[in-house]
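Coordinates as given in target-v3.tsv (TSV, C-alpha atoms):
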chain	number	residue	atom	x	y	z
A	1	MET	CA	-12.16	-11.36	8.04
A	2	GLN	CA	-13.21	-12.25	4.51
A	3	THR	CA	-10.46	-13.26	2.10
A	4	ARG	CA	-9.64	-12.39	-1.51
A	5	THR	CA	-7.42	-13.90	-4.18
A	6	LEU	CA	-4.64	-11.95	-5.86
A	7	GLY	CA	-3.62	-13.37	-9.20
A	8	THR	CA	-4.48	-17.03	-9.57
A	9	ASP	CA	-3.84	-18.41	-6.11
A	10	LEU	CA	-2.58	-15.95	-3.48
A	11	THR	CA	-5.22	-15.78	-0.73
A	12	VAL	CA	-5.09	-12.75	1.57
A	13	SER	CA	-7.38	-10.95	3.99
A	14	ALA	CA	-9.74	-8.54	2.20
A	15	VAL	CA	-8.01	-5.64	3.96
A	16	GLY	CA	-4.27	-5.75	4.58
A	17	LEU	CA	-2.05	-3.77	6.92
A	18	GLY	CA	0.46	-1.32	5.53
A	19	CYS	CA	3.28	-1.38	8.08
A	20	MET	CA	5.41	1.51	6.82
A	21	GLY	CA	4.09	4.04	9.32
A	22	PHE	CA	5.53	2.21	12.30
A	23	SER	CA	9.00	3.22	11.13
A	24	HIS	CA	8.79	5.84	8.42
A	25	ALA	CA	7.00	8.91	7.03
A	26	TYR	CA	4.23	9.41	9.61
A	27	GLY	CA	6.02	10.94	12.57
A	28	ALA	CA	8.54	9.58	15.04
A	29	PRO	CA	8.92	5.79	14.80
A	30	THR	CA	6.97	3.62	17.22
A	31	ASP	CA	8.98	1.94	19.96
A	32	GLU	CA	10.22	-1.40	18.63
A	33	ALA	CA	8.54	-3.58	21.26
A	34	GLU	CA	5.27	-1.71	20.92
A	35	ALA	CA	5.39	-1.84	17.12
A	36	THR	CA	5.88	-5.61	17.09
A	37	ARG	CA	3.03	-6.03	19.59
A	38	ARG	CA	0.63	-3.98	17.47
A	39	ILE	CA	1.51	-5.72	14.22
A	40	ARG	CA	0.90	-9.06	15.93
A	41	ARG	CA	-2.38	-7.68	17.27
A	42	ALA	CA	-3.49	-7.06	13.68
A	43	TYR	CA	-3.24	-10.80	13.05
A	44	ASP	CA	-5.51	-11.44	16.03
A	45	LEU	CA	-8.02	-9.01	14.47
A	46	GLY	CA	-8.13	-11.06	11.28
A	47	TYR	CA	-5.41	-9.57	9.11
A	48	THR	CA	-3.39	-12.12	7.15
A	49	PHE	CA	-1.77	-9.71	4.65
A	50	PHE	CA	1.09	-7.48	5.77
A	51	ASP	CA	3.01	-5.04	3.57
A	52	THR	CA	6.52	-3.76	4.18
A	53	ALA	CA	9.65	-2.87	2.17
A	54	GLU	CA	13.39	-2.94	2.60
A	55	VAL	CA	13.51	0.88	2.58
A	56	TYR	CA	10.93	1.54	5.28
A	57	GLY	CA	13.23	2.54	8.07
A	58	THR	CA	15.06	5.22	9.96
A	59	ALA	CA	18.39	6.95	9.49
A	60	GLY	CA	19.78	4.72	12.21
A	61	ASP	CA	18.35	1.51	10.77
A	62	PRO	CA	17.17	1.91	7.15
A	63	HIS	CA	15.66	-1.61	7.07
A	64	ILE	CA	13.99	-1.79	10.47
A	65	ASN	CA	10.42	-2.18	9.24
A	66	GLU	CA	11.09	-5.59	7.73
A	67	SER	CA	12.71	-6.67	11.00
A	68	LEU	CA	9.67	-5.49	12.97
A	69	VAL	CA	7.27	-7.37	10.72
A	70	GLY	CA	9.42	-10.50	10.89
A	71	LYS	CA	9.57	-10.45	14.69
A	72	ALA	CA	5.88	-9.68	15.11
A	73	LEU	CA	4.72	-12.52	12.86
A	74	ALA	CA	7.39	-15.09	13.66
A	75	ASP	CA	4.99	-17.48	15.39
A	76	VAL	CA	2.28	-17.21	12.71
A	77	LYS	CA	4.36	-16.80	9.56
A	78	SER	CA	2.92	-19.94	7.98
A	79	HIS	CA	-0.56	-18.42	8.30
A	80	VAL	CA	0.11	-14.98	6.79
A	81	VAL	CA	1.18	-13.43	3.52
A	82	ILE	CA	4.03	-10.93	3.77
A	83	ALA	CA	4.72	-8.59	0.88
A	84	THR	CA	7.98	-6.72	0.67
A	85	LYS	CA	9.75	-4.75	-2.04
A	86	PHE	CA	13.02	-4.31	-3.91
A	87	GLY	CA	14.49	-1.86	-6.37
A	88	LEU	CA	14.49	1.42	-4.49
A	89	ARG	CA	16.54	3.46	-2.08
A	90	PHE	CA	15.99	6.84	-0.52
A	91	ASP	CA	18.37	9.71	-1.16
A	92	ARG	CA	19.01	10.53	2.49
A	93	GLU	CA	21.71	13.06	1.58
A	94	SER	CA	19.28	15.32	-0.29
A	95	GLY	CA	18.09	17.18	2.80
A	96	THR	CA	14.54	17.31	1.41
A	97	VAL	CA	11.29	15.78	2.67
A	98	PRO	CA	9.76	13.67	1.20
A	99	LEU	CA	13.07	11.99	0.48
A	100	PRO	CA	13.77	11.56	-3.25
A	101	LEU	CA	13.69	8.00	-4.53
A	102	VAL	CA	16.51	6.35	-6.47
A	103	PRO	CA	15.47	3.24	-8.47
A	104	ASP	CA	17.82	0.29	-8.96
A	105	SER	CA	16.51	-3.00	-10.37
A	106	ARG	CA	19.74	-4.42	-11.72
A	107	PRO	CA	19.82	-8.21	-11.25
A	108	GLU	CA	22.77	-8.01	-8.88
A	109	ALA	CA	20.93	-5.41	-6.76
A	110	ILE	CA	17.83	-7.63	-6.67
A	111	ARG	CA	19.98	-10.54	-5.47
A	112	ARG	CA	21.35	-8.47	-2.59
A	113	SER	CA	17.88	-7.23	-1.71
A	114	VAL	CA	16.15	-10.59	-1.60
A	115	GLU	CA	18.81	-12.13	0.63
A	116	GLY	CA	18.61	-9.18	3.04
A	117	SER	CA	14.82	-9.28	3.14
A	118	LEU	CA	14.72	-13.03	3.76
A	119	ARG	CA	17.13	-12.61	6.65
A	120	ARG	CA	15.32	-9.66	8.25
A	121	LEU	CA	11.87	-11.21	7.85
A	122	GLY	CA	13.09	-14.53	9.24
A	123	VAL	CA	11.47	-16.54	6.44
A	124	ASP	CA	12.69	-19.04	3.86
A	125	HIS	CA	10.68	-17.43	1.05
A	126	ILE	CA	8.88	-14.17	0.30
A	127	ASP	CA	5.17	-14.55	-0.47
A	128	LEU	CA	4.82	-11.46	-2.67
A	129	TYR	CA	7.85	-9.53	-3.91
A	130	PHE	CA	7.12	-6.14	-5.46
A	131	GLN	CA	9.35	-4.07	-7.69
A	132	HIS	CA	8.98	-0.90	-5.63
A	133	ARG	CA	9.24	1.51	-8.54
A	134	ILE	CA	10.00	1.00	-12.23
A	135	ASP	CA	13.68	1.50	-13.04
A	136	PRO	CA	13.95	3.45	-16.33
A	137	CYS	CA	17.37	1.89	-16.95
A	138	MET	CA	16.08	-1.69	-16.87
A	139	GLU	CA	13.79	-3.41	-19.36
A	140	PRO	CA	10.74	-5.17	-17.85
A	141	GLU	CA	11.77	-8.45	-19.46
A	142	GLU	CA	15.06	-8.45	-17.55
A	143	VAL	CA	13.36	-7.73	-14.22
A	144	ALA	CA	10.72	-10.40	-14.89
A	145	GLY	CA	13.46	-12.86	-15.81
A	146	ALA	CA	15.12	-12.24	-12.46
A	147	MET	CA	11.77	-12.88	-10.74
A	148	ALA	CA	11.36	-16.15	-12.65
A	149	ASP	CA	14.79	-17.22	-11.42
A	150	LEU	CA	13.88	-16.40	-7.80
A	151	ILE	CA	10.64	-18.36	-8.10
A	152	ARG	CA	12.48	-21.39	-9.51
A	153	GLU	CA	14.94	-21.16	-6.64
A	154	GLY	CA	12.11	-20.99	-4.08
A	155	LYS	CA	13.18	-17.60	-2.71
A	156	ILE	CA	9.87	-15.99	-3.68
A	157	THR	CA	6.50	-17.48	-4.65
A	158	HIS	CA	4.77	-14.50	-6.31
A	159	TRP	CA	5.81	-11.12	-7.62
A	160	GLY	CA	4.29	-7.77	-8.46
A	161	ILE	CA	4.97	-4.23	-9.63
A	162	SER	CA	4.28	-1.02	-7.73
A	163	GLU	CA	3.10	2.03	-9.69
A	164	ALA	CA	2.79	-0.15	-12.79
A	165	LYS	CA	2.06	1.18	-16.28
A	166	GLU	CA	0.20	-0.89	-18.89
A	167	ASP	CA	3.04	-1.50	-21.37
A	168	TYR	CA	5.54	-2.38	-18.64
A	169	LEU	CA	3.02	-4.73	-16.98
A	170	ARG	CA	2.18	-6.54	-20.22
A	171	ARG	CA	5.82	-7.04	-21.16
A	172	ALA	CA	6.79	-8.26	-17.68
A	173	HIS	CA	3.74	-10.52	-17.38
A	174	ALA	CA	4.60	-12.23	-20.67
A	175	ILE	CA	7.93	-13.39	-19.17
A	176	CYS	CA	6.84	-14.21	-15.61
A	177	PRO	CA	3.15	-13.91	-14.63
A	178	VAL	CA	2.49	-10.97	-12.31
A	179	THR	CA	0.28	-11.63	-9.28
A	180	ALA	CA	-0.53	-8.04	-8.32
A	181	VAL	CA	0.23	-4.42	-8.95
A	182	GLN	CA	0.45	-2.07	-6.00
A	183	ASN	CA	-0.70	1.40	-6.99
A	184	ARG	CA	-1.89	4.51	-5.21
A	185	TYR	CA	-5.68	4.42	-5.26
A	186	SER	CA	-8.34	6.33	-3.35
A	187	MET	CA	-11.39	8.49	-3.92
A	188	MET	CA	-8.96	11.39	-4.41
A	189	ALA	CA	-6.49	9.50	-6.64
A	190	ARG	CA	-8.30	7.41	-9.25
A	191	ARG	CA	-5.92	7.44	-12.21
A	192	CYS	CA	-5.11	3.73	-11.88
A	193	GLU	CA	-8.73	2.91	-12.78
A	194	ARG	CA	-7.65	3.10	-16.42
A	195	LEU	CA	-5.59	-0.04	-15.69
A	196	PHE	CA	-8.61	-2.04	-14.53
A	197	PRO	CA	-9.45	-3.61	-17.92
A	198	VAL	CA	-5.85	-4.77	-18.28
A	199	LEU	CA	-5.76	-6.20	-14.77
A	200	GLU	CA	-9.00	-8.05	-15.45
A	201	GLU	CA	-7.70	-9.37	-18.78
A	202	LEU	CA	-4.42	-10.63	-17.30
A	203	GLY	CA	-5.85	-11.89	-14.01
A	204	VAL	CA	-3.71	-9.52	-11.95
A	205	GLY	CA	-4.86	-8.17	-8.58
A	206	LEU	CA	-4.63	-4.60	-7.29
A	207	VAL	CA	-3.14	-3.83	-3.89
A	208	ALA	CA	-4.25	-0.27	-3.16
A	209	PHE	CA	-1.85	1.82	-1.10
A	210	SER	CA	-2.86	5.13	0.49
A	211	PRO	CA	-6.52	4.06	0.09
A	212	MET	CA	-7.70	6.85	2.38
A	213	ALA	CA	-5.53	9.56	0.82
A	214	ASN	CA	-2.93	9.26	3.58
A	215	GLY	CA	-5.65	9.34	6.22
A	216	PHE	CA	-7.47	12.44	4.99
A	217	LEU	CA	-10.61	10.49	4.05
A	218	THR	CA	-11.12	9.40	7.65
A	219	GLY	CA	-12.58	12.86	8.18
A	220	ARG	CA	-10.57	13.28	11.36
A	221	TYR	CA	-8.35	16.13	10.13
A	222	GLY	CA	-9.45	19.75	10.14
A	223	LYS	CA	-7.93	23.19	9.93
A	224	GLY	CA	-4.87	23.95	11.98
A	225	GLU	CA	-3.31	20.50	11.72
A	226	ARG	CA	0.43	20.57	12.29
A	227	PHE	CA	2.90	17.82	11.43
A	228	ASP	CA	6.62	17.58	12.13
A	229	ALA	CA	8.23	18.39	8.78
A	230	ALA	CA	11.36	16.44	9.72
A	231	THR	CA	9.58	13.10	10.23
A	232	ASP	CA	6.04	13.38	8.86
A	233	TYR	CA	5.37	13.56	5.13
A	234	ARG	CA	1.87	14.93	5.80
A	235	ALA	CA	3.49	18.30	6.52
A	236	ALA	CA	4.06	18.61	2.76
A	237	MET	CA	0.82	16.98	1.53
A	238	PRO	CA	-1.61	19.42	-0.10
A	239	GLN	CA	-4.75	17.71	1.21
A	240	PHE	CA	-3.86	18.64	4.79
A	241	THR	CA	-3.69	22.42	4.30
A	242	ASP	CA	-6.39	24.68	5.74
A	243	GLU	CA	-7.46	25.58	2.19
A	244	ALA	CA	-7.91	21.92	1.33
A	245	VAL	CA	-10.33	21.38	4.21
A	246	ASP	CA	-12.67	23.89	2.55
A	247	GLN	CA	-12.02	22.56	-0.95
A	248	ASN	CA	-12.87	19.01	0.13
A	249	ALA	CA	-15.93	19.83	2.23
A	250	ALA	CA	-18.32	18.23	-0.28
A	251	LEU	CA	-16.23	15.06	-0.45
A	252	LEU	CA	-16.14	14.69	3.31
A	253	GLN	CA	-19.91	15.31	3.51
A	254	LEU	CA	-20.48	12.63	0.87
A	255	LEU	CA	-18.57	10.17	3.04
A	256	ARG	CA	-20.40	11.19	6.20
A	257	ASP	CA	-23.81	10.83	4.53
A	258	MET	CA	-23.08	7.34	3.21
A	259	ALA	CA	-21.52	6.35	6.52
A	260	ALA	CA	-24.68	7.36	8.39
A	261	GLU	CA	-26.80	5.39	5.94
A	262	LYS	CA	-24.65	2.27	6.32
A	263	HIS	CA	-24.01	2.59	10.08
A	264	ALA	CA	-20.32	2.80	9.30
A	265	THR	CA	-17.55	5.39	9.49
A	266	PRO	CA	-16.21	7.61	6.67
A	267	ALA	CA	-12.99	5.58	6.72
A	268	GLN	CA	-14.94	2.36	6.24
A	269	ILE	CA	-16.94	3.84	3.35
A	270	SER	CA	-13.75	4.97	1.59
A	271	LEU	CA	-12.47	1.37	1.77
A	272	ALA	CA	-15.80	-0.33	1.04
A	273	TRP	CA	-16.15	1.81	-2.11
A	274	MET	CA	-13.12	0.10	-3.67
A	275	LEU	CA	-13.74	-3.32	-2.12
A	276	CYS	CA	-17.18	-3.40	-3.73
A	277	LYS	CA	-15.86	-2.34	-7.14
A	278	LYS	CA	-13.82	-5.45	-7.91
A	279	PRO	CA	-13.23	-8.72	-6.03
A	280	TRP	CA	-9.50	-8.51	-6.78
A	281	ILE	CA	-8.87	-5.14	-5.08
A	282	VAL	CA	-7.20	-5.32	-1.65
A	283	PRO	CA	-6.55	-2.04	0.19
A	284	ILE	CA	-3.67	-1.84	2.65
A	285	PRO	CA	-4.35	1.15	4.92
A	286	GLY	CA	-1.59	1.90	7.38
A	287	THR	CA	-2.23	2.68	11.00
A	288	ARG	CA	-0.44	2.34	14.31
A	289	LYS	CA	-3.60	2.34	16.43
A	290	GLU	CA	-5.40	-0.86	17.35
A	291	GLU	CA	-8.82	0.79	17.23
A	292	ARG	CA	-8.15	1.96	13.67
A	293	MET	CA	-7.00	-1.55	12.71
A	294	ALA	CA	-10.33	-2.91	13.94
A	295	GLU	CA	-12.25	-0.14	12.18
A	296	ASN	CA	-10.46	-0.72	8.87
A	297	ALA	CA	-10.98	-4.48	9.10
A	298	GLY	CA	-14.68	-3.80	9.58
A	299	ALA	CA	-14.84	-2.17	6.16
A	300	ALA	CA	-14.78	-5.63	4.61
A	301	GLY	CA	-18.25	-6.18	6.07
A	302	VAL	CA	-19.78	-2.96	4.70
A	303	ALA	CA	-21.87	-3.82	1.64
A	304	LEU	CA	-22.41	-1.24	-1.09
A	305	THR	CA	-24.64	-2.16	-4.00
A	306	PRO	CA	-23.41	-1.67	-7.58
A	307	GLY	CA	-25.84	1.23	-7.82
A	308	GLU	CA	-24.41	2.86	-4.71
A	309	VAL	CA	-20.85	2.46	-6.03
A	310	ARG	CA	-21.91	4.02	-9.36
A	311	ALA	CA	-23.58	6.90	-7.53
A	312	LEU	CA	-20.41	7.56	-5.54
A	313	ASP	CA	-18.34	7.44	-8.74
A	314	GLU	CA	-20.69	9.88	-10.43
A	315	ALA	CA	-20.44	12.27	-7.50
A	316	LEU	CA	-16.66	12.01	-7.45
A	317	ASP	CA	-16.48	12.60	-11.21
A	318	HIS	CA	-18.11	16.00	-10.83
A	319	MET	CA	-16.73	17.08	-7.48
A	320	LYS	CA	-14.13	19.75	-6.95
A	321	MET	CA	-11.29	18.57	-4.73
A	322	SER	CA	-7.93	19.83	-3.57
A	323	ALA	CA	-4.69	18.46	-4.91
A	324	VAL	CA	-3.63	15.24	-3.19
A	325	PHE	CA	-0.18	13.84	-2.50
A	326	GLY	CA	0.77	11.66	-5.42
A	327	GLY	CA	4.23	10.37	-4.66
A	328	THR	CA	7.77	11.36	-3.91
A	329	PRO	CA	10.28	12.77	-6.42
A	330	MET	CA	12.07	10.16	-8.51
A	331	ARG	CA	15.71	10.58	-9.49
A	332	ALA	CA	17.37	8.53	-12.20

Go through the file and emit its structure as structure tokens.
Amino acid sequence: MQTRTLGTDLTVSAVGLGCMGFSHAYGAPTDEAEATRRIRRAYDLGYTFFDTAEVYGTAGDPHINESLVGKALADVKSHVVIATKFGLRFDRESGTVPLPLVPDSRPEAIRRSVEGSLRRLGVDHIDLYFQHRIDPCMEPEEVAGAMADLIREGKITHWGISEAKEDYLRRAHAICPVTAVQNRYSMMARRCERLFPVLEELGVGLVAFSPMANGFLTGRYGKGERFDAATDYRAAMPQFTDEAVDQNAALLQLLRDMAAEKHATPAQISLAWMLCKKPWIVPIPGTRKEERMAENAGAAGVALTPGEVRALDEALDHMKMSAVFGGTPMRA
């Protein structure tokens, strides 16, 4: 697969693998042995960028996703970039789905998190360490200072911010240069485009999570879809309702038309659209299926001209769409 550079020097595959779904949020967790086999299979398909977090887990093992990623990539860890995250825990006592998020980026909490992640991943340093969500009780300078300490100590080599805002990013970057932000970005969720000039100015990359609107833009979901509300966040996502299928008909047809023209799939077009916008955008679609991993990797080879990207943007600007899932509730 082609590669891209995040920040000044972090080389990753043009498409990364979001590993959360093996353990969390998209139905019952995959069997541990099978999950490790499939993650390792992604490396064989050309993926060198893998995304996880300390909170991607189950009630029985809240940190299992990091352990899965560590086991799967143990024999190739010097050839891959693993991103993980700190500063967040799920409120599992709330009884609601999606689980509310509780931020905590105190320096002492970060210290506990990094040691746990290093141990579970089986590595001596973390390649890219994201603040999972901004903690309203902590100033960006203090968080960035903690990251600078971890870099000096060799525990991490690069850091980033998930769901970053401009002021927070600028203040943090001034203390310890940020390699990437990880924000929700897709054809149905484009609000982070207003950050693009800042990212370009600072030399910060964008890791795009949910780049296919939680799978909706694959075009494989129609009316009558049912998801287990206890384990699958899609049960509460507005884009998967029967009404949304009608509301998004024009969007799905746009993808199908471009896919036919490019001899690609709608999923590949939804990824190629952002890949062809900026050379520093890296989407990290999540999937548990090997055939989808291969399909998503193939998006890096789909070429859209600047004119075709502009035409898609123009169509999206004037297209009616349903609401789309935009995140889980945050509790202070």

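These residues, each with an atom at most 6 Å from (-4.7, 3.9, -0.6) using all atoms listed in the file, are Arg184, Tyr185, Ser186, Ala208, Phe209, Ser210, Pro211, Met212 and Ala213 of chain A.
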
Keeping only C-alpha atoms, write the selected residues to a file as an mmCIF file, in the coordinates of the input.
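Result saved to out_33.cif:
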data_model
loop_
_atom_site.group_PDB
_atom_site.id
_atom_site.type_symbol
_atom_site.label_atom_id
_atom_site.label_comp_id
_atom_site.auth_asym_id
_atom_site.auth_seq_id
_atom_site.Cartn_x
_atom_site.Cartn_y
_atom_site.Cartn_z
ATOM 1 C CA ARG A 184 -1.890 4.510 -5.210
ATOM 2 C CA TYR A 185 -5.680 4.420 -5.260
ATOM 3 C CA SER A 186 -8.340 6.330 -3.350
ATOM 4 C CA ALA A 208 -4.250 -0.270 -3.160
ATOM 5 C CA PHE A 209 -1.850 1.820 -1.100
ATOM 6 C CA SER A 210 -2.860 5.130 0.490
ATOM 7 C CA PRO A 211 -6.520 4.060 0.090
ATOM 8 C CA MET A 212 -7.700 6.850 2.380
ATOM 9 C CA ALA A 213 -5.530 9.560 0.820
#

Quiz prompt | Nearest residue to Val80 of chain A from the set A:Gln131, A:Thr8, A:Ser94, A:Thr3 (distances using only C-alpha atoms) | solution = A:Thr3

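Comparing A:Ala259, A:Cys19, A:Ala72, A:Leu206 by their smallest distance to Gly219 of chain A, the closest is A:Ala259 (using all atoms listed in the file).
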
Practice problem: Would you kindly return, as number ranges by chain, each protein, DNA or RNA residue with an atom no farther than 8 Å from any atom of Leu252 of chain A, considering all atoms listed in the file and excluding same-chain residues fewer than 2 positions away? | Solution: A: 217, 219, 248-250, 254-256, 266

Quiz item: If you measure from atom CA of Gly87 of chain A to atom CA of Val204 of chain A, what distance in Å do you get, rounded to one decimal?
Solution: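 Pair atom CA of Gly87 of chain A / atom CA of Val204 of chain A returns 20.5 Å.
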
Quiz item: So how far away is atom CA of His125 of chain A from atom CA of Ile151 of chain A, in Å?
Solution: 9.2 Å

If you take all atoms listed in the file and a cut-off of 12 Å, which residues of segment 48-73 of chain A touch segment 286-296 of chain A, and what are their nearest atom pairs and distances in Å to one decimal, in chain and number order, as a tab-separated table?
residue	atom	partner	partner_atom	distance
A:Phe49	CA	A:Gly286	CA	11.9
A:Phe50	CA	A:Gly286	CA	9.9
A:Asp51	CA	A:Gly286	CA	9.2
A:Thr52	CA	A:Gly286	CA	10.4

Quiz prompt | Neighbour list for segment 228-241 of chain A as a list in words, cut-off 6 Å, only C-alpha atoms, skip fewer than 6 positions in-chain | solution =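 In the requested form, the answer reads Ala25, Tyr26, Gly27, Pro98, Ala323, Val324 and Phe325 of chain A.
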
Exercise. Name all residues at most 12 Å from Gly301 of chain A (count all atoms listed in the file; drop same-chain ones fewer than 6 positions away) and give them as a list of chain:residue names.
Key: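 The neighbour list is A:Met1, A:Gln2, A:Thr3, A:Ala14, A:Val15, A:Lys262, A:His263, A:Ala264, A:Gln268, A:Ile269, A:Leu271, A:Ala272, A:Trp273, A:Leu275, A:Cys276, A:Ala294, A:Glu295.
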
Practice problem: Please provide the set of residues having any atom within 7 Å of Gln247 of chain A, restricted to all atoms listed in the file, with same-chain residues fewer than 2 positions apart removed, written as a PyMOL selection string. | Solution: chain A and resi 243-245+249+320-322

Would you put the residues from that selection into a file with C-alpha atoms, as a PDB file, in the coordinates of the input?
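So out-v3.pdb came out as:
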ATOM      1  CA  GLU A 243      -7.460  25.580   2.190  1.00  0.00           C
ATOM      2  CA  ALA A 244      -7.910  21.920   1.330  1.00  0.00           C
ATOM      3  CA  VAL A 245     -10.330  21.380   4.210  1.00  0.00           C
ATOM      4  CA  ALA A 249     -15.930  19.830   2.230  1.00  0.00           C
ATOM      5  CA  LYS A 320     -14.130  19.750  -6.950  1.00  0.00           C
ATOM      6  CA  MET A 321     -11.290  18.570  -4.730  1.00  0.00           C
ATOM      7  CA  SER A 322      -7.930  19.830  -3.570  1.00  0.00           C
TER       8      SER A 322
END

Quiz item: Contacts of Leu128 of chain A at 6 Å or less, counting only C-alpha atoms, minus same-chain residues fewer than 5 places along, as a ChimeraX atom specification?
Solution: /A:83,158-159

Practice problem: Between atom CA of Pro100 of chain A and atom CA of Val55 of chain A, measure the distance and give it in Å to one decimal. | Solution: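 Computing it gives 12.2 Å between the two atoms.
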
Practice problem: Choose the residue, out of A:Ala42, A:Val69, A:Met20, A:Leu150, that has the smallest atom-to-atom separation from Glu115 of chain A; count only C-alpha atoms. | Solution: A:Leu150

Exercise. Give the answer as one residue: which of A:Ile39, A:Ala267, A:Leu6, A:Val207 has the shortest atom-to-atom distance to Gly21 of chain A, using all atoms listed in the file?
Key: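 Counting all atoms listed in the file, the residue closest to Gly21 of chain A is A:Ile39.
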
Quiz prompt | Residue nearest Trp280 of chain A - candidates A:Arg92, A:Arg226, A:Arg4, A:Arg111, atoms counted: all atoms listed in the file | solution =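 Result for the nearest residue to Trp280 of chain A: A:Arg4.
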
Work out where the centre of an axis-aligned box around every listed atom of segment 30-42 of chain A lies and how long its edges are once 6 Å is added on each side; give both in Å to one decimal as lines of an AutoDock Vina configuration file.
center_x = 3.4
center_y = -2.7
center_z = 17.5
size_x = 25.7
size_y = 24.7
size_z = 19.6

Self-check item: A:Val76, A:Leu251, A:Lys165, A:Ile64 ranked by distance to Ala315 of chain A, top pick (using only C-alpha atoms)
Solution: A:Leu251

Repaired coordinates for segment 45-59 of chain A (N, CA and C atoms) as a short mmCIF file (atom, residue, chain, number, x, y, z; two decimals), in the coordinates of the input:
data_model
loop_
_atom_site.label_atom_id
_atom_site.label_comp_id
_atom_site.auth_asym_id
_atom_site.auth_seq_id
_atom_site.Cartn_x
_atom_site.Cartn_y
_atom_site.Cartn_z
N LEU A 45 -6.80 -9.68 14.95
CA LEU A 45 -8.02 -9.01 14.47
C LEU A 45 -8.48 -9.55 13.11
N GLY A 46 -7.71 -10.46 12.53
CA GLY A 46 -8.13 -11.06 11.28
C GLY A 46 -7.28 -10.73 10.07
N TYR A 47 -6.29 -9.89 10.23
CA TYR A 47 -5.41 -9.57 9.11
C TYR A 47 -4.48 -10.75 8.82
N THR A 48 -4.38 -11.11 7.54
CA THR A 48 -3.39 -12.12 7.15
C THR A 48 -2.47 -11.60 6.05
N PHE A 49 -2.58 -10.31 5.72
CA PHE A 49 -1.77 -9.71 4.65
C PHE A 49 -1.06 -8.49 5.21
N PHE A 50 0.27 -8.53 5.17
CA PHE A 50 1.09 -7.48 5.77
C PHE A 50 2.08 -6.97 4.73
N ASP A 51 2.17 -5.66 4.59
CA ASP A 51 3.01 -5.04 3.57
C ASP A 51 4.14 -4.24 4.21
N THR A 52 5.35 -4.49 3.71
CA THR A 52 6.52 -3.76 4.18
C THR A 52 7.44 -3.54 2.98
N ALA A 53 8.66 -3.06 3.22
CA ALA A 53 9.65 -2.87 2.17
C ALA A 53 11.02 -2.72 2.81
N GLU A 54 12.04 -3.03 2.04
CA GLU A 54 13.39 -2.94 2.60
C GLU A 54 13.79 -1.51 2.92
N VAL A 55 13.10 -0.51 2.34
CA VAL A 55 13.51 0.88 2.58
C VAL A 55 12.65 1.60 3.61
N TYR A 56 11.73 0.90 4.24
CA TYR A 56 10.93 1.54 5.28
C TYR A 56 11.71 1.48 6.59
N GLY A 57 12.41 2.56 6.87
CA GLY A 57 13.23 2.54 8.07
C GLY A 57 13.59 3.92 8.55
N THR A 58 14.59 3.98 9.37
CA THR A 58 15.06 5.22 9.96
C THR A 58 16.50 5.47 9.53
N ALA A 59 16.99 6.66 9.81
CA ALA A 59 18.39 6.95 9.49
C ALA A 59 19.32 5.99 10.22
#
